[in-house]
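Visitor: Supplied in structure tokens, the structure appears directly below.
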Amino acid sequence: MKSARIQALLRTRSISSEAWAVYADSKERGNLDLGLAIAKKLAKRAVDRNRLKRAARELARKGTLGNFSELVVRLKQPVGRSTHGRLRNFEYQQLKAQLQGLIS
């Protein structure tokens, strides 16, 4: 997805949870375009950012993203507050479940 289209979607109204904001366009098209915005400010470690991105891509690959043609997923809150910036498995599972609940 091109950055101009991501910026346009970020200006639209989002579907939100405690940790995620999802911006979607539901035009009928074949393939899903997925944009991920997980800021270094919110997930300090590259390992954690990549793990969250892989979780979002996994949901897209399994087809649990609903009937969207374009989708931008943005992380809203910092991860690993109580563990010095490290994303632990319990918190990862919670974030993944929240994202799945928003999108399906």
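Going by the structure tokens order, chains are called A, B, ..., each with residues numbered from 1, while ligands are numbered from 1 in the order shown.
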When DSSP is applied to the backbone of this structure, which of stretch 1-79 of chain A are assigned strand (DSSP E or B)? Write them out as a PyMOL selection string.

Guide: chain A and resi 15-16+20-25+33-37+70-75

Visitor: Could you give me, as a list in words, the residues within 8 Å of A:Asp33, counting only C-alpha atoms and dropping anything in the same chain fewer than 2 positions from it?

Guide: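 Everything that qualifies: Met1, Asn31, Gly35, Ser69, Glu70 and Leu71 of chain A.
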
Visitor: What does the file look like for those residues with C-alpha atoms, as a compact mmCIF listing (two decimals), in the first residue's frame?

Guide:
```txt
# COMPACT_ATOMS: atom_id res chain seq x y z
CA MET A 1 0.00 0.00 0.00
CA ASN A 31 -6.78 -8.69 -2.67
CA GLY A 35 -0.76 -1.27 6.22
CA SER A 69 -10.10 -4.17 0.67
CA GLU A 70 -7.74 -1.75 2.43
CA LEU A 71 -6.83 -1.86 6.09
```

Visitor: Taking only C-alpha atoms into account, name the residue in A:Pro78, A:Gln98, A:Ala55, A:Ile6 that is nearest to A:Ala24.

Guide: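 Looking only at the distances to A:Ala24, the closest residue turns out to be A:Ile6.
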
Visitor: So that I can see what lies close to A:Lys40, please list as number ranges by chain the residues with an atom at most 12 Å from it, counting only C-alpha atoms and leaving out residues fewer than 2 positions away in the same chain.

Guide: A: 37-38, 42-50, 74-79, 85

Visitor: Would you list the contacts of A:Leu95 as a list in words, taking every protein, DNA or RNA residue within 9 Å and counting only C-alpha atoms, but skipping same-chain residues closer than 6 positions in sequence?

Guide: Ala19, Trp20 and Leu52 of chain A

Visitor: Please report, as a ChimeraX atom specification, each residue of chain A to which DSSP assigns alpha helix (DSSP H) when run on this structure's backbone.

Guide: /A:3-10,46-61,89-103

Visitor: Could you tell me how far atom CA of A:Ala60 sits from atom CA of A:Gln100, in Å to one decimal place?

Guide: 9.9 Å

Visitor: Do you have the atom CA of A:Tyr23-atom CA of A:Gly80 distance handy?

Guide: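 Rounded to one decimal, the two atoms are 24.2 Å apart.
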
Visitor: Taking into account only C-alpha atoms, which residue in the set A:Val72, A:Ala4, A:Ala21, A:Leu34 is nearest to A:Leu102?

Guide: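 For A:Leu102, the nearest of the given residues is A:Ala21.
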